[in-house]
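Participant: Following this line is protein_15.pdb, made up of PDB, C-alpha atoms:
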```pdb
MODEL        1
ATOM      1  CA  MET M1134      25.881  39.698 -15.567
ATOM      2  CA  LYS M1135      24.523  40.779 -12.176
ATOM      3  CA  LYS M1136      21.012  41.102 -13.631
ATOM      4  CA  ALA M1137      21.111  37.533 -15.046
ATOM      5  CA  TYR M1138      22.373  36.201 -11.702
ATOM      6  CA  LYS M1139      19.575  38.056  -9.880
ATOM      7  CA  ASN M1140      16.939  36.657 -12.298
ATOM      8  CA  ILE M1141      18.198  33.106 -11.805
ATOM      9  CA  ILE M1142      17.982  33.494  -8.003
ATOM     10  CA  ILE M1143      14.435  34.872  -8.270
ATOM     11  CA  ILE M1144      13.364  31.985 -10.532
ATOM     12  CA  LEU M1145      14.862  29.429  -8.124
ATOM     13  CA  ILE M1146      13.041  31.011  -5.178
ATOM     14  CA  VAL M1147       9.730  30.966  -7.077
ATOM     15  CA  VAL M1148      10.217  27.297  -8.028
ATOM     16  CA  VAL M1149      11.047  26.312  -4.435
ATOM     17  CA  CYS M1150       7.982  28.220  -3.157
ATOM     18  CA  PHE M1151       5.820  26.500  -5.785
ATOM     19  CA  ILE M1152       7.035  23.034  -4.788
ATOM     20  CA  PHE M1153       6.530  23.861  -1.104
ATOM     21  CA  ALA M1154       2.961  25.067  -1.833
ATOM     22  CA  LEU M1155       2.208  21.822  -3.686
ATOM     23  CA  TYR M1156       3.509  19.807  -0.735
ATOM     24  CA  VAL M1157       1.476  21.789   1.803
ATOM     25  CA  ASN M1158      -1.669  21.443  -0.344
ATOM     26  CA  GLY M1159      -1.317  17.657  -0.382
ATOM     27  CA  THR M1160      -0.325  17.490  -4.031
ATOM     28  CA  VAL M1161       3.096  15.932  -3.398
ATOM     29  CA  GLY M1162       3.216  12.606  -1.563
ATOM     30  CA  SER M1163       5.829   9.951  -0.844
ATOM     31  CA  LEU M1164       7.761   8.253  -3.601
ATOM     32  CA  GLU M1165       7.117   4.526  -4.063
ATOM     33  CA  TYR M1166      10.460   3.527  -2.570
ATOM     34  CA  SER M1167       9.887   5.622   0.566
ATOM     35  CA  ILE M1168       6.350   4.628   1.593
ATOM     36  CA  GLU M1169       7.681   2.011   4.035
ATOM     37  CA  SER M1170       9.841   4.522   5.905
ATOM     38  CA  ASP M1171       7.000   7.076   5.756
ATOM     39  CA  ALA M1172       4.579   4.568   7.314
ATOM     40  CA  ARG M1173       7.079   3.594  10.006
ATOM     41  CA  LYS M1174       7.643   7.254  10.867
ATOM     42  CA  TRP M1175       4.011   8.442  10.941
ATOM     43  CA  GLN M1176       2.499   5.308  12.502
ATOM     44  CA  GLY M1177       5.298   4.881  15.062
ATOM     45  CA  ILE M1178       6.301   1.400  13.884
ATOM     46  CA  ASP M1179       9.473  -0.053  15.366
ATOM     47  CA  ASP M1180      12.356  -0.679  12.960
ATOM     48  CA  ASN M1181      12.673  -4.230  14.362
ATOM     49  CA  TRP M1182       9.267  -5.225  13.029
ATOM     50  CA  GLU M1183       9.235  -7.149   9.775
ATOM     51  CA  VAL M1184       7.212  -6.008   6.785
ATOM     52  CA  SER M1185       5.338  -7.653   3.945
ATOM     53  CA  LYS M1186       4.949  -5.098   1.179
ATOM     54  CA  SER M1187       3.222  -5.037  -2.191
ATOM     55  CA  VAL M1188       2.961  -2.110  -4.585
ATOM     56  CA  LEU M1189       1.021  -2.242  -7.820
ATOM     57  CA  TYR M1190       0.350   1.216  -9.169
ATOM     58  CA  PRO M1191      -1.649   3.021  -7.825
ATOM     59  CA  VAL M1192      -1.937   1.039  -4.539
ATOM     60  CA  GLY M1193       0.778   0.251  -2.004
ATOM     61  CA  ALA M1194      -0.033  -2.066   0.920
ATOM     62  CA  MET M1195       2.147  -3.086   3.851
ATOM     63  CA  LEU M1196       1.754  -5.305   6.872
ATOM     64  CA  PHE M1197       4.229  -4.611   9.658
ATOM     65  CA  TYR M1198       4.428  -7.358  12.239
ATOM     66  CA  ASP M1199       6.357  -8.477  15.263
ATOM     67  CA  ALA M1200       7.484 -12.058  14.694
ATOM     68  CA  GLU M1201       7.649 -12.633  18.458
ATOM     69  CA  SER M1202       4.039 -11.694  19.156
ATOM     70  CA  ASN M1203       0.656 -11.405  17.475
ATOM     71  CA  ALA M1204       0.983  -7.633  17.050
ATOM     72  CA  SER M1205       0.608  -6.114  13.584
ATOM     73  CA  ILE M1206      -0.116  -2.784  11.901
ATOM     74  CA  TYR M1207      -1.237  -2.328   8.324
ATOM     75  CA  SER M1208      -0.713   0.668   6.099
ATOM     76  CA  ILE M1209      -2.182   1.451   2.691
ATOM     77  CA  TYR M1210      -1.058   4.211   0.348
ATOM     78  CA  LEU M1211      -2.719   5.413  -2.852
ATOM     79  CA  ASN M1212      -1.290   7.348  -5.757
ATOM     80  CA  ARG M1213      -4.267   9.610  -6.389
ATOM     81  CA  ARG M1214      -5.539  10.306  -9.852
ATOM     82  CA  GLY M1215      -5.371  13.806 -11.236
ATOM     83  CA  PHE M1216      -2.899  16.510 -10.346
ATOM     84  CA  SER M1217      -0.877  14.871  -7.582
ATOM     85  CA  PHE M1218       2.550  13.306  -7.327
ATOM     86  CA  GLY M1219       3.491  10.322  -5.201
ATOM     87  CA  TYR M1220       1.688   8.032  -2.789
ATOM     88  CA  PHE M1221      -0.543   9.296   0.016
ATOM     89  CA  PHE M1222      -1.505   7.511   3.235
ATOM     90  CA  ARG M1223      -5.086   6.245   2.913
ATOM     91  CA  SER M1224      -5.693   3.734   5.676
ATOM     92  CA  GLY M1225      -3.804   2.102   8.499
ATOM     93  CA  GLY M1226      -3.830   0.722  11.990
ATOM     94  CA  SER M1227      -4.657  -2.596  13.551
ATOM     95  CA  ARG M1228      -7.544  -4.937  12.759
ATOM     96  CA  SER M1229      -8.399  -8.246  14.396
ATOM     97  CA  GLU M1230      -9.499  -9.575  10.984
ATOM     98  CA  ILE M1231      -5.887  -9.391   9.779
ATOM     99  CA  ASN M1232      -4.684 -11.527  12.692
ATOM    100  CA  GLU M1233      -7.515 -14.046  12.386
ATOM    101  CA  GLY M1234      -8.025 -14.363   8.628
ATOM    102  CA  ILE M1235      -7.746 -12.357   5.422
ATOM    103  CA  CYS M1236      -8.857  -8.748   5.243
ATOM    104  CA  GLU M1237      -9.662  -7.319   1.823
ATOM    105  CA  PHE M1238      -9.430  -3.562   1.305
ATOM    106  CA  TYR M1239     -11.245  -2.504  -1.832
ATOM    107  CA  PHE M1240     -10.587   0.912  -3.334
ATOM    108  CA  ARG M1241     -13.000   1.664  -6.169
ATOM    109  CA  GLU M1242     -11.109   2.534  -9.390
ATOM    110  CA  TYR M1243      -7.735   1.848  -7.722
ATOM    111  CA  GLY M1244      -7.479  -1.813  -6.786
ATOM    112  CA  THR M1245      -7.659  -4.266  -3.910
ATOM    113  CA  ALA M1246      -5.266  -5.129  -1.105
ATOM    114  CA  LEU M1247      -5.376  -8.503   0.664
ATOM    115  CA  ILE M1248      -3.637  -8.437   4.048
ATOM    116  CA  SER M1249      -3.224 -11.283   6.541
ATOM    117  CA  ARG M1250      -0.988 -12.631   9.324
ATOM    118  CA  ASN M1251      -1.517 -15.911   7.436
ATOM    119  CA  THR M1252      -2.709 -18.005  10.352
ATOM    120  CA  GLU M1253      -4.707 -20.056   7.845
ATOM    121  CA  LYS M1254      -1.536 -21.065   5.931
ATOM    122  CA  ILE M1255      -2.479 -19.492   2.594
ATOM    123  CA  LYS M1256      -0.270 -20.622  -0.270
ATOM    124  CA  LEU M1257      -2.034 -19.369  -3.401
ATOM    125  CA  ILE M1258      -4.209 -16.499  -4.576
ATOM    126  CA  GLU M1259      -6.002 -16.970  -7.877
ATOM    127  CA  THR M1260      -7.729 -14.248  -9.896
ATOM    128  CA  ASP M1261     -10.124 -14.897 -12.777
ATOM    129  CA  ASP M1262     -11.245 -11.963 -14.920
ATOM    130  CA  GLY M1263     -13.274 -14.181 -17.265
ATOM    131  CA  GLN M1264     -10.504 -14.409 -19.851
ATOM    132  CA  ASN M1265      -7.340 -15.117 -17.863
ATOM    133  CA  ILE M1266      -6.595 -16.966 -14.657
ATOM    134  CA  ASN M1267      -3.604 -15.575 -12.791
ATOM    135  CA  THR M1268      -1.961 -17.065  -9.722
ATOM    136  CA  ILE M1269       0.136 -15.507  -6.993
ATOM    137  CA  SER M1270       2.210 -17.810  -4.797
ATOM    138  CA  ILE M1271       2.366 -17.004  -1.095
ATOM    139  CA  ASP M1272       4.824 -18.277   1.516
ATOM    140  CA  SER M1273       2.416 -20.181   3.783
ATOM    141  CA  GLU M1274       4.647 -19.547   6.807
ATOM    142  CA  LYS M1275       4.685 -15.744   6.588
ATOM    143  CA  PRO M1276       2.196 -12.885   6.799
ATOM    144  CA  PHE M1277       1.364 -11.218   3.503
ATOM    145  CA  ALA M1278       0.139  -8.048   1.841
ATOM    146  CA  VAL M1279      -0.820  -8.438  -1.820
ATOM    147  CA  VAL M1280      -2.165  -5.743  -4.125
ATOM    148  CA  LEU M1281      -4.450  -6.826  -6.969
ATOM    149  CA  PRO M1282      -5.443  -4.661  -9.931
ATOM    150  CA  ASN M1283      -8.890  -3.088 -10.095
ATOM    151  CA  ASN M1284     -10.034  -5.362 -12.917
ATOM    152  CA  CYS M1285      -8.719  -8.683 -11.573
ATOM    153  CA  GLY M1286     -12.148 -10.342 -11.414
ATOM    154  CA  LYS M1287     -13.027 -13.150  -9.002
ATOM    155  CA  VAL M1288     -10.467 -13.748  -6.248
ATOM    156  CA  THR M1289     -10.038 -17.235  -4.767
ATOM    157  CA  VAL M1290      -7.644 -18.049  -1.941
ATOM    158  CA  TYR M1291      -6.216 -21.530  -1.200
ATOM    159  CA  ASP M1292      -4.438 -22.961   1.845
ATOM    160  CA  ILE M1293      -1.624 -25.549   1.921
ATOM    161  CA  ASN M1294      -4.186 -28.363   1.554
ATOM    162  CA  ASN M1295      -5.708 -26.750  -1.574
ATOM    163  CA  ASN M1296      -8.876 -25.890   0.347
ATOM    164  CA  GLU M1297     -10.622 -22.668  -0.610
ATOM    165  CA  VAL M1298     -10.382 -20.138   2.217
ATOM    166  CA  PRO M1299     -12.964 -17.370   2.504
ATOM    167  CA  ILE M1300     -11.915 -13.750   2.832
ATOM    168  CA  SER M1301     -13.072 -12.898   6.330
ATOM    169  CA  SER M1302     -13.563  -9.159   6.020
ATOM    170  CA  VAL M1303     -14.084  -6.678   3.222
ATOM    171  CA  VAL M1304     -13.468  -2.995   3.822
ATOM    172  CA  VAL M1305     -14.711  -0.702   1.067
ATOM    173  CA  ASN M1306     -13.078   2.707   0.821
ATOM    174  CA  GLU M1307     -14.098   5.123  -1.866
TER
ENDMDL
END
```
Represent the structure contained in this file as structure tokens.
Facilitator:
Amino acid sequence: MKKAYKNIIIILIVVVCFIFALYVNGTVGSLEYSIESDARKWQGIDDNWEVSKSVLYPVGAMLFYDAESNASIYSIYLNRRGFSFGYFFRSGGSRSEINEGICEFYFREYGTALISRNTEKIKLIETDDGQNINTISIDSEKPFAVVLPNNCGKVTVYDINNNEVPISSVVVNE
């Protein structure tokens, strides 16, 4: 009985060491439900700031903003392909393009994130892959972060007057 107990303890220790090694090597990331708290912690974002969040595997995008001012911080997480578990921080910070228009973050083979303080009163995002036209409704009074799939096709953005609004900045990350 003592030998079986000893073997179980040894196996548990090996498993814990293995999981720790995976975490240290960057193989284990944040779970989908915890990327917001992870971003707040590592980017020093106040809990009072509001968030617009969109996750569409394998991309998670968030825009944290202070409703009282023009301040905002974006954060993008990717669930890497291959032998890894969870979402990993990929990009974040502040960009004037987000406050002034729509910033598109394109991640080859992963997807696209559109992030904006919505000063242009966007109400609709339309994607056309050549076979299907899909629409995403946006609250024109609030900032937004929207993740689109890699194969979504042409993206068109409309304001409250149904005018097409150009995407002001495209950031390509490989």
Participant: Hey, which of M:Glu1201, M:Glu1259, M:Glu1169, M:Glu1297 ends up closest to Lys1186 in chain M? Count all atoms listed in the file.
Facilitator: M:Glu1169
Participant: With only C-alpha atoms as the counted atoms, please give the residues lying no more than 12 Å from Ala1200 in chain M, apart from itself and same-chain residues fewer than 6 positions off, as a list in words.
Facilitator: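 The neighbour list is Asn1181, Trp1182, Glu1183, Val1184, Ser1185, Arg1250, Glu1274, Lys1275 and Pro1276 of chain M.
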Participant: What do you get, as a PDB file with C-alpha atoms, in the coordinates of the input, if you spell out every residue that the PyMOL selection byres ((chain M and resi 1266-1273) around 10) selects here?
Facilitator:
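Output below, filename selection_1.pdb:
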```
ATOM      1  CA  ARG M1250      -0.988 -12.631   9.324  1.00  0.00           C
ATOM      2  CA  ASN M1251      -1.517 -15.911   7.436  1.00  0.00           C
ATOM      3  CA  THR M1252      -2.709 -18.005  10.352  1.00  0.00           C
ATOM      4  CA  GLU M1253      -4.707 -20.056   7.845  1.00  0.00           C
ATOM      5  CA  LYS M1254      -1.536 -21.065   5.931  1.00  0.00           C
ATOM      6  CA  ILE M1255      -2.479 -19.492   2.594  1.00  0.00           C
ATOM      7  CA  LYS M1256      -0.270 -20.622  -0.270  1.00  0.00           C
ATOM      8  CA  LEU M1257      -2.034 -19.369  -3.401  1.00  0.00           C
ATOM      9  CA  ILE M1258      -4.209 -16.499  -4.576  1.00  0.00           C
ATOM     10  CA  GLU M1259      -6.002 -16.970  -7.877  1.00  0.00           C
ATOM     11  CA  THR M1260      -7.729 -14.248  -9.896  1.00  0.00           C
ATOM     12  CA  ASP M1261     -10.124 -14.897 -12.777  1.00  0.00           C
ATOM     13  CA  ASP M1262     -11.245 -11.963 -14.920  1.00  0.00           C
ATOM     14  CA  GLY M1263     -13.274 -14.181 -17.265  1.00  0.00           C
ATOM     15  CA  GLN M1264     -10.504 -14.409 -19.851  1.00  0.00           C
ATOM     16  CA  ASN M1265      -7.340 -15.117 -17.863  1.00  0.00           C
ATOM     17  CA  GLU M1274       4.647 -19.547   6.807  1.00  0.00           C
ATOM     18  CA  LYS M1275       4.685 -15.744   6.588  1.00  0.00           C
ATOM     19  CA  PRO M1276       2.196 -12.885   6.799  1.00  0.00           C
ATOM     20  CA  PHE M1277       1.364 -11.218   3.503  1.00  0.00           C
ATOM     21  CA  ALA M1278       0.139  -8.048   1.841  1.00  0.00           C
ATOM     22  CA  VAL M1279      -0.820  -8.438  -1.820  1.00  0.00           C
ATOM     23  CA  LEU M1281      -4.450  -6.826  -6.969  1.00  0.00           C
ATOM     24  CA  CYS M1285      -8.719  -8.683 -11.573  1.00  0.00           C
ATOM     25  CA  GLY M1286     -12.148 -10.342 -11.414  1.00  0.00           C
ATOM     26  CA  LYS M1287     -13.027 -13.150  -9.002  1.00  0.00           C
ATOM     27  CA  VAL M1288     -10.467 -13.748  -6.248  1.00  0.00           C
ATOM     28  CA  THR M1289     -10.038 -17.235  -4.767  1.00  0.00           C
ATOM     29  CA  VAL M1290      -7.644 -18.049  -1.941  1.00  0.00           C
ATOM     30  CA  TYR M1291      -6.216 -21.530  -1.200  1.00  0.00           C
ATOM     31  CA  ASP M1292      -4.438 -22.961   1.845  1.00  0.00           C
ATOM     32  CA  ILE M1293      -1.624 -25.549   1.921  1.00  0.00           C
TER      33      ILE M1293
END
```
Participant: How would you write, as number ranges by chain, the residues chosen by the PyMOL selection byres ((chain M and resi 1302) around 10) on this structure?
Facilitator: M: 1228-1231, 1234-1238, 1247, 1299-1301, 1303-1305
Participant: Separation of CA of Leu1189 in chain M and CA of Ser1167 in chain M, in Å?
Facilitator: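 About the pair CA of Leu1189 in chain M and CA of Ser1167 in chain M: they are 14.5 Å apart.
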Participant: Which residues, named as in the file, does the PyMOL selection byres ((chain M and resi 1177-1179) around 12) pick out? Answer as a VMD selection string.
Facilitator: chain M and resid 1169 to 1176 1180 to 1184 1195 to 1199 1204 to 1208 1225 to 1227
Participant: Atoms to include: C-alpha atoms. Write the selected residues as a PDB file, keeping the file's coordinate frame.
Facilitator:
```pdb
ATOM      1  CA  GLU M1169       7.681   2.011   4.035  1.00  0.00           C
ATOM      2  CA  SER M1170       9.841   4.522   5.905  1.00  0.00           C
ATOM      3  CA  ASP M1171       7.000   7.076   5.756  1.00  0.00           C
ATOM      4  CA  ALA M1172       4.579   4.568   7.314  1.00  0.00           C
ATOM      5  CA  ARG M1173       7.079   3.594  10.006  1.00  0.00           C
ATOM      6  CA  LYS M1174       7.643   7.254  10.867  1.00  0.00           C
ATOM      7  CA  TRP M1175       4.011   8.442  10.941  1.00  0.00           C
ATOM      8  CA  GLN M1176       2.499   5.308  12.502  1.00  0.00           C
ATOM      9  CA  ASP M1180      12.356  -0.679  12.960  1.00  0.00           C
ATOM     10  CA  ASN M1181      12.673  -4.230  14.362  1.00  0.00           C
ATOM     11  CA  TRP M1182       9.267  -5.225  13.029  1.00  0.00           C
ATOM     12  CA  GLU M1183       9.235  -7.149   9.775  1.00  0.00           C
ATOM     13  CA  VAL M1184       7.212  -6.008   6.785  1.00  0.00           C
ATOM     14  CA  MET M1195       2.147  -3.086   3.851  1.00  0.00           C
ATOM     15  CA  LEU M1196       1.754  -5.305   6.872  1.00  0.00           C
ATOM     16  CA  PHE M1197       4.229  -4.611   9.658  1.00  0.00           C
ATOM     17  CA  TYR M1198       4.428  -7.358  12.239  1.00  0.00           C
ATOM     18  CA  ASP M1199       6.357  -8.477  15.263  1.00  0.00           C
ATOM     19  CA  ALA M1204       0.983  -7.633  17.050  1.00  0.00           C
ATOM     20  CA  SER M1205       0.608  -6.114  13.584  1.00  0.00           C
ATOM     21  CA  ILE M1206      -0.116  -2.784  11.901  1.00  0.00           C
ATOM     22  CA  TYR M1207      -1.237  -2.328   8.324  1.00  0.00           C
ATOM     23  CA  SER M1208      -0.713   0.668   6.099  1.00  0.00           C
ATOM     24  CA  GLY M1225      -3.804   2.102   8.499  1.00  0.00           C
ATOM     25  CA  GLY M1226      -3.830   0.722  11.990  1.00  0.00           C
ATOM     26  CA  SER M1227      -4.657  -2.596  13.551  1.00  0.00           C
TER      27      SER M1227
END
```
Participant: Provide an axis-aligned box for all listed atoms of range 1235-1251 of chain M, padding each side by 3 Å; report its centre and its edge lengths in Å to one decimal, as JSON.
Facilitator:
```
{"center_x": -7.0, "center_y": -6.7, "center_z": 0.0, "size_x": 18.0, "size_y": 24.4, "size_z": 24.7}
```
Participant: In Å, how far is it from CA of Leu1211 in chain M to CA of Ser1249 in chain M?
Facilitator: 19.2 Å
Participant: Complete the atom set of range 1261-1272 of chain M to all heavy atoms and return it as a PDB file, keeping the file's coordinate frame.
Facilitator:
```pdb
ATOM      1  N   ASP M1261      -9.510 -14.486 -11.509  1.00  0.00           N
ATOM      2  CA  ASP M1261     -10.124 -14.897 -12.777  1.00  0.00           C
ATOM      3  C   ASP M1261     -10.980 -13.745 -13.291  1.00  0.00           C
ATOM      4  O   ASP M1261     -12.030 -13.436 -12.738  1.00  0.00           O
ATOM      5  CB  ASP M1261     -10.980 -16.142 -12.557  1.00  0.00           C
ATOM      6  CG  ASP M1261     -11.607 -16.670 -13.831  1.00  0.00           C
ATOM      7  OD1 ASP M1261     -11.483 -16.026 -14.888  1.00  0.00           O
ATOM      8  OD2 ASP M1261     -12.245 -17.740 -13.759  1.00  0.00           O
ATOM      9  N   ASP M1262     -10.517 -13.101 -14.361  1.00  0.00           N
ATOM     10  CA  ASP M1262     -11.245 -11.963 -14.920  1.00  0.00           C
ATOM     11  C   ASP M1262     -12.206 -12.376 -16.038  1.00  0.00           C
ATOM     12  O   ASP M1262     -12.745 -11.548 -16.754  1.00  0.00           O
ATOM     13  CB  ASP M1262     -10.293 -10.888 -15.424  1.00  0.00           C
ATOM     14  CG  ASP M1262      -9.423 -11.329 -16.585  1.00  0.00           C
ATOM     15  OD1 ASP M1262      -9.607 -12.460 -17.102  1.00  0.00           O
ATOM     16  OD2 ASP M1262      -8.551 -10.547 -16.992  1.00  0.00           O
ATOM     17  N   GLY M1263     -12.392 -13.677 -16.217  1.00  0.00           N
ATOM     18  CA  GLY M1263     -13.274 -14.181 -17.265  1.00  0.00           C
ATOM     19  C   GLY M1263     -12.528 -14.581 -18.527  1.00  0.00           C
ATOM     20  O   GLY M1263     -13.032 -15.360 -19.328  1.00  0.00           O
ATOM     21  N   GLN M1264     -11.329 -14.061 -18.695  1.00  0.00           N
ATOM     22  CA  GLN M1264     -10.504 -14.409 -19.851  1.00  0.00           C
ATOM     23  C   GLN M1264      -9.193 -15.064 -19.442  1.00  0.00           C
ATOM     24  O   GLN M1264      -8.707 -15.952 -20.126  1.00  0.00           O
ATOM     25  CB  GLN M1264     -10.212 -13.171 -20.692  1.00  0.00           C
ATOM     26  CG  GLN M1264     -11.448 -12.555 -21.306  1.00  0.00           C
ATOM     27  CD  GLN M1264     -11.124 -11.292 -22.085  1.00  0.00           C
ATOM     28  OE1 GLN M1264     -10.027 -10.767 -22.015  1.00  0.00           O
ATOM     29  NE2 GLN M1264     -12.092 -10.813 -22.834  1.00  0.00           N
ATOM     30  N   ASN M1265      -8.630 -14.601 -18.341  1.00  0.00           N
ATOM     31  CA  ASN M1265      -7.340 -15.117 -17.863  1.00  0.00           C
ATOM     32  C   ASN M1265      -7.439 -15.503 -16.398  1.00  0.00           C
ATOM     33  O   ASN M1265      -8.105 -14.832 -15.617  1.00  0.00           O
ATOM     34  CB  ASN M1265      -6.248 -14.058 -18.017  1.00  0.00           C
ATOM     35  CG  ASN M1265      -6.036 -13.657 -19.449  1.00  0.00           C
ATOM     36  OD1 ASN M1265      -5.843 -14.495 -20.313  1.00  0.00           O
ATOM     37  ND2 ASN M1265      -6.102 -12.354 -19.717  1.00  0.00           N
ATOM     38  N   ILE M1266      -6.740 -16.574 -16.058  1.00  0.00           N
ATOM     39  CA  ILE M1266      -6.595 -16.966 -14.657  1.00  0.00           C
ATOM     40  C   ILE M1266      -5.147 -16.719 -14.283  1.00  0.00           C
ATOM     41  O   ILE M1266      -4.230 -17.252 -14.922  1.00  0.00           O
ATOM     42  CB  ILE M1266      -6.972 -18.450 -14.440  1.00  0.00           C
ATOM     43  CG1 ILE M1266      -8.446 -18.648 -14.749  1.00  0.00           C
ATOM     44  CG2 ILE M1266      -6.648 -18.862 -13.007  1.00  0.00           C
ATOM     45  CD1 ILE M1266      -8.908 -20.090 -14.672  1.00  0.00           C
ATOM     46  N   ASN M1267      -4.952 -15.886 -13.269  1.00  0.00           N
ATOM     47  CA  ASN M1267      -3.604 -15.575 -12.791  1.00  0.00           C
ATOM     48  C   ASN M1267      -3.438 -16.101 -11.380  1.00  0.00           C
ATOM     49  O   ASN M1267      -4.393 -16.095 -10.592  1.00  0.00           O
ATOM     50  CB  ASN M1267      -3.369 -14.059 -12.815  1.00  0.00           C
ATOM     51  CG  ASN M1267      -3.417 -13.509 -14.216  1.00  0.00           C
ATOM     52  OD1 ASN M1267      -2.736 -13.998 -15.098  1.00  0.00           O
ATOM     53  ND2 ASN M1267      -4.239 -12.489 -14.434  1.00  0.00           N
ATOM     54  N   THR M1268      -2.232 -16.556 -11.062  1.00  0.00           N
ATOM     55  CA  THR M1268      -1.961 -17.065  -9.722  1.00  0.00           C
ATOM     56  C   THR M1268      -0.812 -16.296  -9.089  1.00  0.00           C
ATOM     57  O   THR M1268       0.129 -15.873  -9.765  1.00  0.00           O
ATOM     58  CB  THR M1268      -1.615 -18.569  -9.738  1.00  0.00           C
ATOM     59  OG1 THR M1268      -0.472 -18.776 -10.557  1.00  0.00           O
ATOM     60  CG2 THR M1268      -2.775 -19.392 -10.263  1.00  0.00           C
ATOM     61  N   ILE M1269      -0.915 -16.146  -7.784  1.00  0.00           N
ATOM     62  CA  ILE M1269       0.136 -15.507  -6.993  1.00  0.00           C
ATOM     63  C   ILE M1269       0.495 -16.483  -5.885  1.00  0.00           C
ATOM     64  O   ILE M1269      -0.363 -16.863  -5.074  1.00  0.00           O
ATOM     65  CB  ILE M1269      -0.353 -14.180  -6.401  1.00  0.00           C
ATOM     66  CG1 ILE M1269      -0.779 -13.216  -7.517  1.00  0.00           C
ATOM     67  CG2 ILE M1269       0.713 -13.552  -5.524  1.00  0.00           C
ATOM     68  CD1 ILE M1269      -1.544 -12.014  -7.035  1.00  0.00           C
ATOM     69  N   SER M1270       1.749 -16.898  -5.846  1.00  0.00           N
ATOM     70  CA  SER M1270       2.210 -17.810  -4.797  1.00  0.00           C
ATOM     71  C   SER M1270       2.523 -17.025  -3.525  1.00  0.00           C
ATOM     72  O   SER M1270       3.077 -15.933  -3.575  1.00  0.00           O
ATOM     73  CB  SER M1270       3.466 -18.553  -5.246  1.00  0.00           C
ATOM     74  OG  SER M1270       3.161 -19.386  -6.327  1.00  0.00           O
ATOM     75  N   ILE M1271       2.160 -17.623  -2.403  1.00  0.00           N
ATOM     76  CA  ILE M1271       2.366 -17.004  -1.095  1.00  0.00           C
ATOM     77  C   ILE M1271       3.176 -17.976  -0.238  1.00  0.00           C
ATOM     78  O   ILE M1271       2.944 -19.188  -0.277  1.00  0.00           O
ATOM     79  CB  ILE M1271       1.002 -16.741  -0.399  1.00  0.00           C
ATOM     80  CG1 ILE M1271       0.097 -15.864  -1.264  1.00  0.00           C
ATOM     81  CG2 ILE M1271       1.193 -16.150   0.981  1.00  0.00           C
ATOM     82  CD1 ILE M1271       0.536 -14.457  -1.461  1.00  0.00           C
ATOM     83  N   ASP M1272       4.106 -17.449   0.553  1.00  0.00           N
ATOM     84  CA  ASP M1272       4.824 -18.277   1.516  1.00  0.00           C
ATOM     85  C   ASP M1272       3.848 -18.560   2.662  1.00  0.00           C
ATOM     86  O   ASP M1272       3.453 -17.647   3.393  1.00  0.00           O
ATOM     87  CB  ASP M1272       6.056 -17.541   2.027  1.00  0.00           C
ATOM     88  CG  ASP M1272       6.890 -18.373   2.986  1.00  0.00           C
ATOM     89  OD1 ASP M1272       6.388 -19.376   3.540  1.00  0.00           O
ATOM     90  OD2 ASP M1272       8.061 -18.011   3.202  1.00  0.00           O
TER      91      ASP M1272
END
```
